[in-house]
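Content type mmCIF, C-alpha atoms and all ligand atoms, from the file query.cif:
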```cif
data_target
loop_
_atom_site.label_atom_id
_atom_site.label_comp_id
_atom_site.auth_asym_id
_atom_site.auth_seq_id
_atom_site.Cartn_x
_atom_site.Cartn_y
_atom_site.Cartn_z
CA MET A 1 93.85 84.72 120.54
CA SER A 2 97.48 85.51 121.31
CA SER A 3 99.50 88.03 119.34
CA ASN A 4 102.18 86.60 117.13
CA THR A 5 105.14 88.97 117.25
CA ASP A 6 106.52 87.62 113.95
CA PHE A 7 104.01 89.80 112.13
CA LEU A 8 105.11 93.32 111.27
CA LEU A 9 101.60 94.55 111.98
CA SER A 10 99.00 92.71 113.97
CA ILE A 11 95.63 94.25 114.58
CA GLU A 12 93.25 92.49 116.95
CA ASN A 13 89.66 93.14 117.91
CA LEU A 14 89.99 96.74 116.74
CA THR A 15 86.89 98.85 117.24
CA VAL A 16 86.14 102.54 116.99
CA SER A 17 82.82 104.07 117.74
CA PHE A 18 81.76 107.56 116.64
CA ASP A 19 78.75 108.50 118.79
CA GLY A 20 77.68 104.88 118.93
CA PHE A 21 78.30 104.15 115.23
CA LYS A 22 81.06 101.57 114.84
CA ALA A 23 83.15 102.56 111.81
CA ILE A 24 85.55 99.68 112.60
CA GLU A 25 84.26 96.71 114.57
CA GLY A 26 86.18 93.76 116.00
CA LEU A 27 88.71 93.82 113.18
CA ASN A 28 91.66 91.42 113.01
CA LEU A 29 94.35 91.93 110.40
CA TYR A 30 97.89 90.59 110.18
CA MET A 31 100.66 91.68 107.88
CA ASP A 32 104.07 90.22 107.17
CA LYS A 33 107.31 92.05 106.62
CA ASN A 34 107.72 93.15 102.98
CA GLU A 35 104.09 92.43 102.23
CA LEU A 36 102.06 94.46 99.77
CA ARG A 37 98.43 94.49 100.89
CA VAL A 38 95.50 96.08 99.11
CA ILE A 39 92.34 97.08 100.96
CA ILE A 40 89.15 97.43 98.95
CA GLY A 41 85.52 97.92 99.87
CA PRO A 42 82.52 100.18 99.27
CA ASN A 43 82.48 103.83 100.30
CA GLY A 44 82.03 104.17 104.02
CA ALA A 45 83.42 100.66 104.70
CA GLY A 46 85.98 102.10 107.14
CA LYS A 47 89.14 101.93 104.99
CA THR A 48 90.37 105.44 105.68
CA THR A 49 89.39 105.15 109.34
CA LEU A 50 91.53 102.01 109.63
CA LEU A 51 94.61 103.89 108.33
CA ASP A 52 93.76 106.82 110.62
CA MET A 53 93.86 104.41 113.54
CA VAL A 54 97.18 102.82 112.60
CA CYS A 55 98.84 106.23 112.27
CA GLY A 56 97.34 107.47 115.55
CA LYS A 57 95.05 110.12 114.07
CA THR A 58 91.94 108.33 115.33
CA ARG A 59 91.97 106.53 118.69
CA ALA A 60 90.62 103.02 119.15
CA SER A 61 87.65 102.45 121.45
CA GLU A 62 88.80 98.85 121.89
CA GLY A 63 91.44 96.45 120.65
CA SER A 64 95.08 96.47 119.78
CA ILE A 65 97.41 97.51 116.97
CA LYS A 66 100.90 96.09 117.33
CA PHE A 67 103.74 97.19 115.06
CA LYS A 68 106.97 95.23 115.50
CA GLY A 69 105.44 94.06 118.76
CA LYS A 70 104.85 97.60 120.08
CA GLU A 71 101.37 98.79 120.95
CA LEU A 72 100.38 101.79 118.80
CA THR A 73 96.92 102.52 120.14
CA ARG A 74 98.24 104.77 122.90
CA MET A 75 101.26 106.17 121.07
CA ARG A 76 101.41 109.77 119.84
CA GLU A 77 101.26 110.35 116.08
CA HIS A 78 104.83 111.68 115.70
CA ARG A 79 106.12 108.75 117.73
CA ILE A 80 104.36 106.31 115.39
CA VAL A 81 106.10 108.01 112.44
CA TRP A 82 109.37 107.68 114.32
CA GLU A 83 108.72 103.96 114.83
CA GLY A 84 108.57 103.57 111.05
CA VAL A 85 104.99 104.10 109.87
CA GLY A 86 104.46 106.49 106.95
CA ARG A 87 101.05 107.50 105.72
CA LYS A 88 99.90 109.27 102.57
CA PHE A 89 96.52 110.96 102.59
CA GLN A 90 94.14 111.07 99.63
CA THR A 91 95.00 114.57 98.44
CA PRO A 92 98.68 115.34 97.84
CA SER A 93 100.12 117.64 100.48
CA ILE A 94 103.29 118.96 98.95
CA TYR A 95 104.77 122.46 99.06
CA GLU A 96 103.77 123.76 95.62
CA GLU A 97 106.05 126.82 95.71
CA LEU A 98 109.14 124.85 96.74
CA THR A 99 111.23 122.89 94.26
CA VAL A 100 110.98 119.12 94.06
CA PHE A 101 114.45 118.99 95.62
CA ASP A 102 113.40 121.17 98.57
CA ASN A 103 110.22 119.15 99.10
CA LEU A 104 112.35 116.04 99.48
CA GLU A 105 114.97 117.78 101.60
CA VAL A 106 112.48 119.13 104.16
CA SER A 107 111.10 115.61 104.52
CA TYR A 108 114.47 114.10 105.35
CA PRO A 109 114.36 112.98 108.99
CA GLN A 110 116.15 114.94 111.74
CA GLY A 111 116.69 118.66 111.71
CA ARG A 112 119.86 120.46 110.74
CA GLY A 113 122.16 122.04 113.32
CA VAL A 114 125.14 119.70 113.22
CA LEU A 115 128.49 121.43 112.87
CA GLY A 116 131.56 121.34 110.64
CA ALA A 117 132.75 118.04 109.21
CA LEU A 118 129.73 116.22 110.59
CA ALA A 119 127.35 118.61 108.84
CA PHE A 120 129.25 118.14 105.59
CA LYS A 121 129.05 114.38 105.90
CA ARG A 122 125.33 114.65 106.56
CA ASP A 123 124.82 116.93 103.55
CA VAL A 124 126.49 114.35 101.30
CA GLN A 125 124.22 111.65 102.74
CA VAL A 126 121.09 113.76 102.32
CA LEU A 127 122.04 114.68 98.77
CA ARG A 128 122.64 111.06 97.85
CA ARG A 129 119.33 110.01 99.35
CA ILE A 130 117.40 112.81 97.58
CA HIS A 131 118.79 111.68 94.23
CA GLU A 132 118.07 108.03 95.00
CA VAL A 133 114.44 108.76 95.86
CA ALA A 134 113.99 111.23 92.97
CA ASN A 135 115.21 108.52 90.63
CA GLU A 136 112.79 106.00 92.13
CA ILE A 137 109.79 108.34 91.68
CA GLN A 138 111.02 109.36 88.21
CA LEU A 139 111.48 113.03 89.05
CA GLU A 140 115.26 113.24 88.90
CA ASN A 141 115.17 115.61 85.92
CA ARG A 142 112.58 117.86 87.62
CA LEU A 143 114.47 118.48 90.89
CA GLU A 144 114.96 122.22 90.35
CA GLU A 145 111.37 122.95 89.30
CA PRO A 146 108.65 124.22 91.63
CA ALA A 147 106.49 121.26 92.65
CA GLY A 148 103.39 123.23 91.60
CA LEU A 149 104.36 122.71 87.95
CA LEU A 150 104.20 118.91 88.17
CA SER A 151 101.27 116.92 86.77
CA HIS A 152 98.74 115.54 89.24
CA GLY A 153 100.33 112.10 89.03
CA GLN A 154 103.83 113.47 89.56
CA LYS A 155 102.64 115.36 92.64
CA GLN A 156 101.36 112.06 94.06
CA TRP A 157 104.74 110.46 93.35
CA LEU A 158 106.53 113.37 94.99
CA GLU A 159 104.46 112.86 98.11
CA ILE A 160 105.32 109.17 98.05
CA GLY A 161 108.96 110.24 97.72
CA MET A 162 108.60 112.52 100.75
CA LEU A 163 107.56 109.47 102.73
CA LEU A 164 110.19 107.18 101.19
CA ILE A 165 112.97 109.53 102.18
CA GLN A 166 112.07 108.76 105.79
CA ASP A 167 112.56 105.07 104.99
CA PRO A 168 109.39 103.77 106.73
CA GLU A 169 109.02 100.04 107.36
CA LEU A 170 105.30 100.35 106.73
CA LEU A 171 103.94 102.74 104.12
CA MET A 172 100.18 103.34 103.89
CA LEU A 173 98.62 104.95 100.82
CA ASP A 174 95.00 106.06 100.54
CA GLU A 175 93.76 105.90 96.94
CA PRO A 176 97.08 106.93 95.36
CA VAL A 177 95.96 106.64 91.71
CA ALA A 178 92.68 108.56 91.95
CA GLY A 179 92.68 111.13 89.13
CA MET A 180 95.74 109.67 87.41
CA SER A 181 96.03 108.94 83.71
CA VAL A 182 96.27 105.33 82.52
CA SER A 183 100.01 105.52 81.97
CA GLU A 184 100.53 107.18 85.36
CA ARG A 185 98.58 104.32 86.96
CA GLU A 186 100.82 101.77 85.30
CA GLU A 187 103.93 103.63 86.46
CA THR A 188 102.51 103.85 89.99
CA ALA A 189 101.85 100.09 90.10
CA LYS A 190 105.48 99.51 89.09
CA LEU A 191 106.69 101.99 91.69
CA LEU A 192 104.65 100.40 94.49
CA ARG A 193 105.78 96.89 93.62
CA LYS A 194 109.36 98.10 93.74
CA ILE A 195 108.87 100.02 97.00
CA ALA A 196 107.34 96.91 98.60
CA GLN A 197 110.51 94.90 98.05
CA GLY A 198 112.16 96.51 101.04
CA ARG A 199 109.15 97.35 103.22
CA SER A 200 105.50 96.62 103.80
CA VAL A 201 102.89 98.63 101.96
CA ILE A 202 99.14 99.02 102.48
CA VAL A 203 97.22 100.49 99.55
CA ILE A 204 93.56 101.45 99.60
CA GLU A 205 92.23 101.43 96.08
CA HIS A 206 89.07 101.42 93.97
CA ASP A 207 90.50 100.77 90.52
CA MET A 208 90.28 96.99 90.14
CA GLU A 209 92.65 96.87 87.19
CA PHE A 210 95.21 98.69 89.29
CA VAL A 211 94.59 96.35 92.24
CA ALA A 212 95.08 93.30 90.02
CA SER A 213 98.31 94.76 88.61
CA LEU A 214 99.73 95.19 92.12
CA GLY A 215 99.38 91.45 92.67
CA GLY A 216 99.32 91.45 96.49
CA LYS A 217 96.88 89.88 98.92
CA VAL A 218 93.58 91.76 99.03
CA THR A 219 91.45 92.46 102.10
CA VAL A 220 87.81 93.36 101.54
CA LEU A 221 86.34 95.65 104.15
CA HIS A 222 82.60 96.04 104.60
CA GLN A 223 80.75 97.90 107.38
CA GLY A 224 83.88 98.09 109.51
CA LYS A 225 84.62 94.36 109.30
CA ILE A 226 86.65 92.08 107.10
CA LEU A 227 84.37 90.40 104.61
CA ALA A 228 87.00 88.35 102.76
CA GLU A 229 90.72 88.09 102.19
CA GLY A 230 92.76 86.49 99.42
CA ASP A 231 94.13 87.03 95.94
CA MET A 232 92.10 88.99 93.43
CA GLN A 233 91.31 85.92 91.29
CA ALA A 234 89.69 84.15 94.26
CA LEU A 235 87.82 87.25 95.42
CA LYS A 236 86.32 87.76 91.96
CA GLN A 237 84.52 84.40 92.40
CA ASP A 238 83.42 85.14 95.98
CA LYS A 239 79.68 85.76 96.01
CA ARG A 240 79.77 87.92 99.15
CA VAL A 241 82.40 90.17 97.58
CA ILE A 242 80.47 90.42 94.32
CA ASP A 243 77.29 91.27 96.23
CA VAL A 244 78.69 94.11 98.32
CA TYR A 245 81.35 95.47 96.00
CA LEU A 246 82.55 93.97 92.74
CA GLY A 247 79.07 93.62 91.31
CA HIS A 248 78.46 97.39 91.44
P1 LIG B 1 86.00 104.61 103.49
O1 LIG B 1 87.37 105.21 103.52
O2 LIG B 1 85.99 103.12 103.45
O3 LIG B 1 85.15 105.18 102.39
P2 LIG B 1 85.68 105.93 106.04
O4 LIG B 1 86.68 105.24 106.88
O5 LIG B 1 86.04 107.29 105.54
O6 LIG B 1 85.24 104.98 104.84
O7 LIG B 1 84.33 106.07 106.86
C1 LIG B 1 83.70 104.97 107.48
C2 LIG B 1 82.45 105.44 108.19
O8 LIG B 1 82.80 106.15 109.36
C3 LIG B 1 81.60 106.39 107.34
O9 LIG B 1 80.24 106.08 107.61
C4 LIG B 1 81.97 107.75 107.89
O10 LIG B 1 80.91 108.65 107.73
C5 LIG B 1 82.26 107.46 109.33
N1 LIG B 1 83.24 108.35 109.95
C6 LIG B 1 84.55 108.43 109.59
N2 LIG B 1 85.20 109.33 110.36
C7 LIG B 1 84.28 109.83 111.21
C8 LIG B 1 84.32 110.79 112.29
N3 LIG B 1 85.45 111.42 112.61
N4 LIG B 1 83.17 111.03 112.95
C9 LIG B 1 82.03 110.40 112.63
N5 LIG B 1 81.92 109.48 111.65
C10 LIG B 1 83.03 109.19 110.96
MG MG B 2 88.34 106.60 102.28
#
```
Structure encoded using structure tokens:
Amino acid sequence: MSSNTDFLLSIENLTVSFDGFKAIEGLNLYMDKNELRVIIGPNGAGKTTLLDMVCGKTRASEGSIKFKGKELTRMREHRIVWEGVGRKFQTPSIYEELTVFDNLEVSYPQGRGVLGALAFKRDVQVLRRIHEVANEIQLENRLEEPAGLLSHGQKQWLEIGMLLIQDPELLMLDEPVAGMSVSEREETAKLLRKIAQGRSVIVIEHDMEFVASLGGKVTVLHQGKILAEGDMQALKQDKRVIDVYLGH
């Protein structure tokens, strides 16, 4: 099979083996620009491992991951971020003692160190971007508060904001609504649909109501392989999917 460079992300024959156990095996997955994709599947299916491989944290034993036509499997993690891939882990990793503003500011790409008028121009840009993102994640009126005072859901949004401020073309989120209240889940679904209008998003999720409310194409992972792919309505009728996942 030849790689189609029109895809934003094209994963082919991806395999990783941990001491002989294949957590991901011969996986093919293609994603378009501005696509919102949900990955579901039982515990241990390989969902987190797949994200680890795309962001360079875990190295492939075989196969290819192309992002905008560039091979990621041999690229360093920071370089993959630089290419435009952002990844959120399951537990929020924010700086609790810093303000919301400072959390966003430290995540803005490129260090300081520019001088005079240039530095001023940059500060205006950074400030504008911080307010834009804070507005998007609904934390604009909390900017001066220590992040540690936010609710669990708001901390998750702040971490999403810390990725958004880097303007990634692909954003990957591992179980972003775990532990959130019902209203926080609804807000998060809205936020992710909005975020996906200008970039591609991969979301791993267990909450089927949340998955349905996102409305994107769903990939079902099982034992390191793709079991099925399609919209949620179709997958609900798929016997294989019911047997390994939805039926439980
Ligand atoms: P999921 O996120 O779908 O629940 P994971 O990707 O975390 O699943 O794990 C898939 C399988 O790979 C599990 O059986 C897990 O124990 C195993 N695994 C993941 N990472 C490692 C590792 N670094 N070393 C050994 N086994 C691993
Ligand atoms: Mg996982």
Query raised in the report: Residues at most 7 Å from A:Gly84, counting all atoms listed in the file, excluding those fewer than 3 positions away in the same chain, as a VMD selection string?
Result: chain A and resid 80 to 81 168 to 170
Mind writing the picked residues with C-alpha atoms as an mmCIF file, keeping the file's coordinate frame?
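The resulting file, selection_5.cif, is shown below:
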```cif
data_model
loop_
_atom_site.group_PDB
_atom_site.id
_atom_site.type_symbol
_atom_site.label_atom_id
_atom_site.label_comp_id
_atom_site.auth_asym_id
_atom_site.auth_seq_id
_atom_site.Cartn_x
_atom_site.Cartn_y
_atom_site.Cartn_z
ATOM 1 C CA ILE A 80 104.360 106.310 115.390
ATOM 2 C CA VAL A 81 106.100 108.010 112.440
ATOM 3 C CA PRO A 168 109.390 103.770 106.730
ATOM 4 C CA GLU A 169 109.020 100.040 107.360
ATOM 5 C CA LEU A 170 105.300 100.350 106.730
#
```
Using only C-alpha atoms and all ligand atoms, find each residue with an atom at most 8 Å away from ligand MG 2 (chain B) and format the answer as a PDB file with C-alpha atoms, keeping the file's coordinate frame.
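Output file out.pdb follows:
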```pdb
ATOM      1  CA  ASN A  43      82.480 103.830 100.300  1.00  0.00           C
ATOM      2  CA  GLY A  44      82.030 104.170 104.020  1.00  0.00           C
ATOM      3  CA  GLY A  46      85.980 102.100 107.140  1.00  0.00           C
ATOM      4  CA  LYS A  47      89.140 101.930 104.990  1.00  0.00           C
ATOM      5  CA  THR A  48      90.370 105.440 105.680  1.00  0.00           C
ATOM      6  CA  THR A  49      89.390 105.150 109.340  1.00  0.00           C
ATOM      7  CA  GLN A  90      94.140 111.070  99.630  1.00  0.00           C
ATOM      8  CA  ASP A 174      95.000 106.060 100.540  1.00  0.00           C
ATOM      9  CA  GLU A 175      93.760 105.900  96.940  1.00  0.00           C
ATOM     10  CA  ILE A 204      93.560 101.450  99.600  1.00  0.00           C
TER      11      ILE A 204
END
```
**Report entry** Residue neighbourhood stretch 186-188 of chain A, 10 Å, all atoms listed in the file, exclusion window fewer than 6 positions, as a list of chain:residue names
**Finding:**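 Returned residues: A:Ile137, A:Gln138, A:Gly153, A:Gln154, A:Gln156, A:Trp157, A:Pro176, A:Val177, A:Met180, A:Lys194, A:Glu209, A:Phe210, A:Ser213, A:Leu214.
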What are the nearest atom pairs, with distances in Å to one decimal, for all residues of chain A that come at most 8 Å from ligand LIG 1 (chain B), using only C-alpha atoms and all ligand atoms, set out by chain and rising residue number as a Markdown table?
```
| residue | atom | partner | partner_atom | distance |
| --- | --- | --- | --- | --- |
| A:Phe18 | CA | B:LIG1 | C9 | 4.9 |
| A:Asp19 | CA | B:LIG1 | C9 | 7.2 |
| A:Phe21 | CA | B:LIG1 | N5 | 7.4 |
| A:Lys22 | CA | B:LIG1 | O8 | 7.4 |
| A:Ala23 | CA | B:LIG1 | O8 | 4.4 |
| A:Ile24 | CA | B:LIG1 | C1 | 7.6 |
| A:Ile40 | CA | B:LIG1 | O2 | 7.9 |
| A:Gly41 | CA | B:LIG1 | O2 | 6.3 |
| A:Pro42 | CA | B:LIG1 | O2 | 6.2 |
| A:Asn43 | CA | B:LIG1 | O3 | 3.6 |
| A:Gly44 | CA | B:LIG1 | O6 | 3.4 |
| A:Ala45 | CA | B:LIG1 | O2 | 3.8 |
| A:Gly46 | CA | B:LIG1 | O4 | 3.2 |
| A:Lys47 | CA | B:LIG1 | O2 | 3.7 |
| A:Thr48 | CA | B:LIG1 | O1 | 3.7 |
| A:Thr49 | CA | B:LIG1 | O4 | 3.7 |
| A:Leu50 | CA | B:LIG1 | O4 | 6.4 |
| A:Thr58 | CA | B:LIG1 | N3 | 7.7 |
| A:Leu221 | CA | B:LIG1 | O2 | 7.5 |
| A:His222 | CA | B:LIG1 | O2 | 7.9 |
| A:Gln223 | CA | B:LIG1 | C1 | 7.7 |
| A:Gly224 | CA | B:LIG1 | C1 | 7.2 |
```
Query raised in the report: By how many Å are atom CA of A:Val100 and atom CA of A:Arg37 apart?
Result: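 Separation of atom CA of A:Val100 and atom CA of A:Arg37: 28.5 Å.
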Requested in this report: Determine, counting all atoms listed in the file, which protein, DNA and RNA residues have an atom within 12 Å of an atom of stretch 13-16 of chain A; residues of the same chain fewer than 4 positions away are not included. Present the result as a PyMOL selection string.
Outcome: chain A and resi 1-3+20-30+46+49-54+58-66+72-73+223-226
**Report entry** Near-stretch 146-151 of chain A list (10 Å; all atoms listed in the file; drop same-chain fewer than 5 positions) as a ChimeraX atom specification
**Finding:** /A:94-103,139,156-158,180,184
Query raised in the report: So how far away is atom CA of A:Leu173 from atom CA of A:Arg129, in Å?
Result: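 Computing it gives 21.4 Å between the two atoms.
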Report task. For atom CA of A:Gly198 and atom CA of A:Val106, determine how far apart the two atoms are, in Å to one decimal place. Result ->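 One can read the atom CA of A:Gly198 to atom CA of A:Val106 distance as 22.8 Å.
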Query raised in the report: Pick from A:Leu227, A:Val124, A:Leu36, A:His131: nearest to A:Gly215, with all atoms listed in the file counted?
Result: A:Leu36
Query raised in the report: From the set A:Lys57, A:Arg74, A:His248, A:Arg240, which residue has the shortest atom-to-atom contact distance to A:Arg87, counting all atoms listed in the file?
Result: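 Between A:Lys57, A:Arg74, A:His248, A:Arg240, the residue approaching A:Arg87 most closely is A:Lys57.
Shortest atom-to-atom contact with A:Asp207 among A:Gly161, A:Val38, A:Val133, A:Ser107: A:Val38, counting all atoms listed in the file.
Considering only C-alpha atoms, the residue among A:Ile242, A:Ala196, A:Val85, A:Met208 positioned nearest to A:Met172 is A:Val85.
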